[in-house]
Each structure stands twice: as C-alpha cells, then as structure tokens.
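structure.cif follows (mmCIF, C-alpha atoms):
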```
data_upload
loop_
_atom_site.label_atom_id
_atom_site.label_comp_id
_atom_site.auth_asym_id
_atom_site.auth_seq_id
_atom_site.Cartn_x
_atom_site.Cartn_y
_atom_site.Cartn_z
CA MET A 1 9.01 -202.31 -87.82
CA GLN A 2 8.53 -198.88 -89.33
CA THR A 3 6.63 -198.76 -92.61
CA LYS A 4 7.38 -196.22 -95.31
CA LEU A 5 5.77 -195.75 -98.66
CA CYS A 6 7.99 -194.70 -101.52
CA ARG A 7 6.78 -193.75 -104.98
CA LEU A 8 8.68 -193.53 -108.23
CA PHE A 9 7.28 -191.54 -111.12
CA TRP A 10 8.27 -191.32 -114.75
CA PHE A 11 6.46 -188.76 -116.81
CA ILE A 12 5.94 -187.85 -120.47
CA PRO A 13 3.59 -184.87 -120.91
CA PHE A 14 0.21 -186.48 -121.59
CA THR A 15 0.93 -188.34 -124.82
CA CYS A 16 -0.32 -191.82 -125.46
CA ILE A 17 2.55 -193.67 -127.05
CA ALA A 18 0.46 -196.75 -127.61
CA CYS A 19 -1.97 -196.18 -130.37
CA GLY A 20 -4.22 -194.42 -132.85
CA TYR A 21 -7.37 -195.09 -130.83
CA THR A 22 -6.61 -192.30 -128.38
CA ASP A 23 -8.29 -188.95 -129.07
CA SER A 24 -8.28 -185.99 -126.68
CA GLY A 25 -11.79 -185.33 -127.92
CA SER A 26 -14.04 -182.30 -128.12
CA GLY A 27 -16.61 -180.43 -126.10
CA THR A 28 -17.82 -177.07 -124.88
CA ARG A 29 -14.72 -176.45 -122.73
CA THR A 30 -16.96 -175.59 -119.79
CA LEU A 31 -16.54 -178.70 -117.63
CA LEU A 32 -13.70 -179.64 -115.29
CA VAL A 33 -13.45 -183.44 -115.46
CA GLN A 34 -10.94 -185.76 -113.84
CA ALA A 35 -11.51 -189.38 -114.96
CA ARG A 36 -9.50 -192.45 -114.02
CA ALA A 37 -10.02 -196.12 -114.84
CA GLN A 38 -7.89 -198.33 -112.61
CA TYR A 39 -7.30 -202.06 -112.97
CA ALA A 40 -5.33 -204.06 -110.38
CA VAL A 41 -4.54 -207.73 -110.94
CA SER A 42 -5.21 -208.34 -107.25
CA GLY A 43 -8.41 -206.28 -107.28
CA GLY A 44 -10.98 -208.93 -108.18
CA ASN A 45 -10.68 -208.64 -111.98
CA GLN A 46 -12.46 -205.27 -112.10
CA THR A 47 -11.78 -201.91 -113.66
CA ASN A 48 -12.67 -199.18 -111.16
CA VAL A 49 -13.85 -196.03 -112.95
CA THR A 50 -13.96 -192.74 -111.03
CA VAL A 51 -15.01 -189.43 -112.61
CA SER A 52 -15.21 -186.07 -110.85
CA VAL A 53 -17.29 -183.37 -112.57
CA ALA A 54 -17.37 -179.63 -111.85
CA ASP A 55 -18.06 -176.41 -113.74
CA ARG A 56 -15.36 -174.00 -114.86
CA ASP A 57 -15.37 -172.35 -111.42
CA GLY A 58 -14.86 -175.65 -109.62
CA THR A 59 -18.41 -176.02 -108.36
CA GLU A 60 -19.31 -179.71 -108.11
CA ILE A 61 -21.97 -180.99 -110.54
CA THR A 62 -24.13 -183.75 -109.07
CA ASP A 63 -26.66 -184.30 -111.87
CA ALA A 64 -24.42 -184.88 -114.90
CA THR A 65 -24.82 -187.79 -117.30
CA VAL A 66 -21.54 -189.69 -117.23
CA GLU A 67 -20.96 -192.66 -119.52
CA ILE A 68 -18.07 -194.92 -120.40
CA THR A 69 -18.04 -197.12 -123.52
CA ASP A 70 -15.77 -200.13 -124.10
CA GLY A 71 -13.98 -199.46 -127.38
CA LYS A 72 -13.52 -203.18 -128.02
CA ASN A 73 -17.09 -204.47 -127.75
CA GLY A 74 -19.22 -201.31 -127.66
CA GLN A 75 -20.67 -201.97 -124.21
CA ARG A 76 -21.88 -198.72 -122.64
CA TYR A 77 -22.05 -198.07 -118.91
CA SER A 78 -23.83 -195.23 -117.14
CA ILE A 79 -21.78 -194.12 -114.14
CA PRO A 80 -23.92 -193.16 -111.13
CA HIS A 81 -23.26 -190.16 -108.92
CA GLN A 82 -21.97 -191.03 -105.45
CA ASN A 83 -21.39 -187.72 -103.65
CA ASN A 84 -19.77 -184.30 -104.05
CA GLY A 85 -19.59 -184.45 -107.84
CA LEU A 86 -17.94 -187.87 -107.81
CA TYR A 87 -19.22 -190.63 -110.13
CA TYR A 88 -18.07 -194.21 -109.65
CA ILE A 89 -18.59 -197.72 -111.08
CA ASN A 90 -16.86 -201.12 -111.12
CA ILE A 91 -16.71 -202.96 -114.46
CA GLU A 92 -15.58 -206.56 -114.86
CA ASN A 93 -12.23 -207.26 -116.58
CA TYR A 94 -9.53 -204.90 -117.75
CA ARG A 95 -10.99 -202.37 -120.19
CA ARG A 96 -8.05 -201.09 -122.20
CA ARG A 97 -9.94 -198.96 -124.73
CA LEU A 98 -12.51 -196.59 -123.28
CA ARG A 99 -14.61 -193.71 -124.56
CA LEU A 100 -15.70 -191.11 -122.00
CA HIS A 101 -18.75 -188.89 -122.42
CA VAL A 102 -19.97 -186.31 -119.90
CA ARG A 103 -23.01 -184.05 -120.29
CA SER A 104 -24.57 -181.48 -117.99
CA GLY A 105 -27.27 -179.34 -119.60
CA ASP A 106 -25.67 -177.63 -122.60
CA ASN A 107 -22.18 -178.54 -121.38
CA GLU A 108 -20.44 -181.69 -122.56
CA LEU A 109 -17.20 -183.37 -123.49
CA SER A 110 -16.07 -186.67 -124.97
CA ALA A 111 -12.71 -188.39 -125.50
CA LYS A 112 -11.12 -191.80 -126.14
CA LEU A 113 -8.09 -193.37 -124.49
CA GLU A 114 -6.18 -196.62 -124.87
CA GLY A 115 -4.49 -197.79 -121.71
CA PRO A 116 -1.21 -199.69 -121.34
CA GLY A 117 -0.91 -203.37 -122.14
CA PRO A 118 -0.85 -205.81 -119.22
CA HIS A 119 2.52 -206.31 -117.55
CA VAL A 120 4.12 -208.64 -115.02
CA ILE A 121 6.80 -208.08 -112.40
CA ASP A 122 9.82 -210.19 -113.33
CA TYR A 123 11.84 -209.19 -110.26
CA PRO A 124 11.43 -209.41 -107.36
CA LYS A 125 9.41 -212.61 -107.38
CA ALA A 126 7.37 -213.71 -104.38
CA GLY A 127 9.49 -215.42 -101.75
CA ALA A 128 12.65 -214.77 -99.77
CA ILE A 129 15.71 -212.92 -101.07
CA ARG A 130 19.04 -212.99 -99.26
CA ARG A 131 20.52 -209.54 -98.77
CA SER A 132 23.95 -210.85 -99.77
CA ARG A 133 22.64 -211.59 -103.29
CA LEU A 134 21.32 -208.08 -103.89
CA GLY A 135 24.52 -206.07 -104.21
CA ASN A 136 24.33 -202.29 -103.86
CA LYS A 137 21.08 -201.77 -105.77
CA PHE A 138 17.62 -203.23 -105.61
CA LYS A 139 16.61 -203.66 -109.25
CA VAL A 140 12.91 -203.85 -110.07
CA GLU A 141 12.22 -205.50 -113.44
CA TRP A 142 9.00 -205.85 -115.43
CA SER A 143 7.85 -206.85 -118.90
CA THR A 144 4.77 -206.00 -120.95
CA GLU A 145 2.42 -208.01 -123.09
CA ASP A 146 2.91 -205.83 -126.18
CA GLY A 147 6.28 -204.17 -125.49
CA ILE A 148 4.83 -200.66 -125.90
CA ARG A 149 5.87 -198.10 -123.31
CA ALA A 150 3.29 -196.44 -121.11
CA ASP A 151 3.16 -192.68 -120.50
CA GLU A 152 4.00 -193.01 -116.81
CA VAL A 153 5.20 -195.59 -114.30
CA GLU A 154 4.51 -195.56 -110.55
CA ILE A 155 6.32 -197.90 -108.18
CA SER A 156 5.45 -198.03 -104.48
CA LEU A 157 7.38 -200.10 -101.96
CA ARG A 158 6.19 -200.78 -98.45
CA HIS A 159 8.98 -200.79 -95.87
CA GLY A 160 11.49 -199.05 -98.09
CA PRO A 161 13.17 -195.72 -98.94
CA GLU A 162 12.03 -192.76 -100.98
CA VAL A 163 13.76 -192.71 -104.37
CA ASN A 164 13.48 -191.17 -107.81
CA SER A 165 12.45 -192.99 -110.97
CA LYS A 166 13.68 -193.68 -114.46
CA ASP A 167 11.21 -194.70 -117.16
CA ASP A 168 9.17 -197.55 -118.63
CA SER A 169 12.25 -199.28 -120.01
CA GLY A 170 11.48 -202.48 -118.13
CA PHE A 171 13.69 -201.94 -115.10
CA ASN A 172 14.49 -199.51 -112.31
CA ASP A 173 17.58 -199.70 -110.11
CA ASP A 174 17.29 -196.44 -108.17
CA ILE A 175 16.74 -198.17 -104.83
CA SER A 176 20.00 -198.28 -102.90
CA MET A 177 20.35 -201.28 -100.61
CA SER A 178 22.22 -199.06 -98.15
CA GLN A 179 18.85 -197.40 -97.50
CA LEU A 180 17.09 -200.70 -96.79
CA THR A 181 18.39 -201.12 -93.28
CA GLU A 182 15.82 -203.66 -92.09
CA THR A 183 15.12 -207.22 -93.08
CA GLY A 184 11.52 -208.33 -93.25
CA ASP A 185 8.43 -208.43 -95.41
CA TYR A 186 7.89 -206.10 -98.36
CA ARG A 187 5.05 -205.37 -100.77
CA LEU A 188 5.86 -203.83 -104.15
CA ASN A 189 3.22 -202.37 -106.46
CA LEU A 190 3.98 -201.38 -110.05
CA THR A 191 1.46 -199.30 -112.01
CA ARG A 192 1.77 -198.32 -115.67
CA LEU A 193 -0.63 -195.74 -117.02
CA ASN A 194 -1.60 -193.63 -120.00
CA ARG A 195 -3.07 -190.18 -119.61
CA ILE A 196 -4.44 -187.40 -121.83
CA ASN A 197 -5.61 -183.85 -121.35
CA LEU A 198 -9.28 -183.60 -122.27
CA GLY A 199 -9.53 -181.26 -125.26
CA GLY A 200 -13.21 -180.56 -124.64
CA GLY A 201 -12.79 -179.62 -120.96
CA VAL A 202 -11.37 -176.69 -119.07
CA ASP A 203 -7.68 -176.66 -118.13
CA ASN A 204 -6.50 -179.55 -115.94
CA SER A 205 -9.21 -181.90 -117.21
CA THR A 206 -7.63 -185.36 -117.68
CA PHE A 207 -8.44 -188.98 -118.45
CA THR A 208 -6.22 -191.82 -117.19
CA ILE A 209 -6.21 -195.60 -117.59
CA SER A 210 -3.87 -197.62 -115.37
CA TYR A 211 -2.87 -201.26 -114.91
CA SER A 212 -1.33 -202.41 -111.61
CA VAL A 213 0.50 -205.53 -110.43
CA ASN A 214 1.92 -206.24 -106.99
CA THR A 215 4.17 -208.83 -105.41
CA GLU A 216 5.15 -209.67 -101.84
CA PHE A 217 8.61 -210.82 -100.80
CA ALA A 218 10.99 -210.85 -97.86
CA ILE A 219 14.59 -209.76 -97.49
CA ILE A 220 16.54 -212.07 -95.19
CA GLU A 221 20.15 -212.21 -94.00
#
```
Let me see whether you can do it: turn the structure in this file into structure tokens.
Amino acid sequence: MQTKLCRLFWFIPFTCIACGYTDSGSGTRTLLVQARAQYAVSGGNQTNVTVSVADRDGTEITDATVEITDGKNGQRYSIPHQNNGLYYINIENYRRRLRLHVRSGDNELSAKLEGPGPHVIDYPKAGAIRRSRLGNKFKVEWSTEDGIRADEVEISLRHGPEVNSKDDSGFNDDISMSQLTETGDYRLNLTRLNRINLGGGVDNSTFTISYSVNTEFAIIE
C-alpha cells in the first residue's frame, strides 16, 4: 500500500484573532528568531517549545538566554541550547498563553502570544467507514472549545491525495473520494495554530503556538 502525505493550509497574514493578550512585542531588531510551541493530544500531555536564534546575517547564536513564561500562572522556563542555534524544552500540559524573551549580549526581543483553544475531530471518528456512505467528498469536521477561529489550519492525511484547504470554519470537504482509490487504514492529523511576526526581531522572525489532534480510521467496501 502506497503512503502519501497531504497537507491543507488556510492562512490569514499573522493576526491573532483570539485575544488581547497577544503582542508582537519589542526589541533591538537585531535577532532572527523562529519560535514554535507545539502541543499534540497524543504527545504525552506536553508542549514542545523550539526556538532558533541567529543574528541579522543568519549566523547561529549558541549562547543566548532564551526564556518562556506561562501567561496564566507566571511560571518561567529557561530553554537550554541543543545545537546549531536551536533551543528546546518540553513543558507539561498545553500552555496557551506564552511570553517569549530572547537576549544575546545587547541584543534582545520579547513578545506574547495566545494560541488556539483546544479542538476535537468530530468526523471522521475512529473505526471503520464504508466507502458507499461517503459520497463524492470526504468531509473533515472539527469543533473548538471556545468557538474562536485560529489563524491557520493544517490537515495531514496518511494514505490520501494532495488537496487544497478552506479555513477554520469547522469543516473541510476538499478531499474527493475519486482520488482515494484504495481501501485501508488512515491517520488524520488536524492542527490549528496562531502565529505572529516578532516586532522586535529582524524580518521573518515569528512566534507560533499550535494544538494538534489526530484520529485513525479505515475505509472499507
């Protein structure tokens, strides 16, 4: 059985719809920082925080002070350097509100971001689905805890076609069943995320918080 990976993306240019907590921040505009906090329901109840740090010329910085602070309870975490300007830490539970601070000598930046609310996949559910009940489209459906739309949605489907996306409206029916020529097992992952440009960094500096859910199912005749 051949395995393909398809991704769907919906994009609004770096605006956090969710809240007033988010702030693109300030800084010396001399650091190139790419920060992402990722939470997956199947990932052991941890938020994985990865931050890459470089100077304005793209040279990796390995001795920066990188910190993340939980905006809900004030807990502060120092993120250790791993290699090649990459800083990484695992933090228990989903951390929806985070403050990022990076310093290297006289260079620094800080920002705050609120991530998307938790969501669940309403369809497909785990189990077997008869092809005859699917019609011409495979419709993915999800719902959120707070009903607020995220900035972006990513949907990946193992053993499926490449398709385009719609938005965080709670459903996507871009997957044509005529493209799903094989029966068998599937794994669907749905990620909703918020992202901002970092006002205190050089161009292309961003901060992202994402929340992911997956489900496994089978299409049968």
**Message:** At a cut-off of 7 Å, using only C-alpha atoms, what residues contact Asp122 of chain A? Leave out same-chain residues fewer than 5 positions from it and give the result as a list of chain:residue names.
**Reply:**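 With the cut-off at 7 Å, the set is A:Glu141, A:Trp142, A:Ser143.
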**Request:** I need the residue set behind the PyMOL selection byres ((chain A and resi 44-52) around 9) for this file; please write it as a PyMOL selection string.
**Result:** chain A and resi 32-43+53-54+60-61+66+68+79+84-95+207+209
**Message:** Please enumerate the residues selected by the PyMOL selection byres ((chain A and resi 140) around 9) when evaluated against the supplied file, formatted as a ChimeraX atom specification.
**Reply:** /A:121-124,138-139,141-142,170-175
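Of the residues under consideration (A:Leu100, A:Gly115, A:Ser78, A:Asp168), A:Gly115 shows the shortest atom-to-atom contact distance to Gly20 of chain A when counting all atoms listed in the file.
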**Asked** What do you get, as a PyMOL selection string, if you spell out every residue that the PyMOL selection byres ((chain A and resi 193) around 10) selects here?
**Response** chain A and resi 11+16+36-38+114-117+149-154+191-192+194-195+208-212
Hey, can you spit out that residue selection with C-alpha atoms as a PDB file, in the frame of the given file?
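result-v4.pdb written:
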```pdb
ATOM      1  CA  PHE A  11       6.460-188.760-116.810  1.00  0.00           C
ATOM      2  CA  CYS A  16      -0.320-191.820-125.460  1.00  0.00           C
ATOM      3  CA  ARG A  36      -9.500-192.450-114.020  1.00  0.00           C
ATOM      4  CA  ALA A  37     -10.020-196.120-114.840  1.00  0.00           C
ATOM      5  CA  GLN A  38      -7.890-198.330-112.610  1.00  0.00           C
ATOM      6  CA  GLU A 114      -6.180-196.620-124.870  1.00  0.00           C
ATOM      7  CA  GLY A 115      -4.490-197.790-121.710  1.00  0.00           C
ATOM      8  CA  PRO A 116      -1.210-199.690-121.340  1.00  0.00           C
ATOM      9  CA  GLY A 117      -0.910-203.370-122.140  1.00  0.00           C
ATOM     10  CA  ARG A 149       5.870-198.100-123.310  1.00  0.00           C
ATOM     11  CA  ALA A 150       3.290-196.440-121.110  1.00  0.00           C
ATOM     12  CA  ASP A 151       3.160-192.680-120.500  1.00  0.00           C
ATOM     13  CA  GLU A 152       4.000-193.010-116.810  1.00  0.00           C
ATOM     14  CA  VAL A 153       5.200-195.590-114.300  1.00  0.00           C
ATOM     15  CA  GLU A 154       4.510-195.560-110.550  1.00  0.00           C
ATOM     16  CA  THR A 191       1.460-199.300-112.010  1.00  0.00           C
ATOM     17  CA  ARG A 192       1.770-198.320-115.670  1.00  0.00           C
ATOM     18  CA  ASN A 194      -1.600-193.630-120.000  1.00  0.00           C
ATOM     19  CA  ARG A 195      -3.070-190.180-119.610  1.00  0.00           C
ATOM     20  CA  THR A 208      -6.220-191.820-117.190  1.00  0.00           C
ATOM     21  CA  ILE A 209      -6.210-195.600-117.590  1.00  0.00           C
ATOM     22  CA  SER A 210      -3.870-197.620-115.370  1.00  0.00           C
ATOM     23  CA  TYR A 211      -2.870-201.260-114.910  1.00  0.00           C
ATOM     24  CA  SER A 212      -1.330-202.410-111.610  1.00  0.00           C
TER      25      SER A 212
END
```
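The space separating atom CA of Leu157 of chain A from atom CA of Asn197 of chain A comes to 28.4 Å.
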**Asked** Could you work out how far atom CA of Leu109 of chain A lies from atom CA of Gly25 of chain A, giving the answer in Å with one decimal?
**Response**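 Atom-to-atom, atom CA of Gly25 of chain A to atom CA of Leu109 of chain A, that is 7.3 Å.
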**Prompt:** If you measure from atom CA of Val102 of chain A to atom CA of Glu67 of chain A, what distance in Å do you get, rounded to one decimal?
**Reply:**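 Value for the atom CA of Val102 of chain A-atom CA of Glu67 of chain A distance: 6.4 Å.
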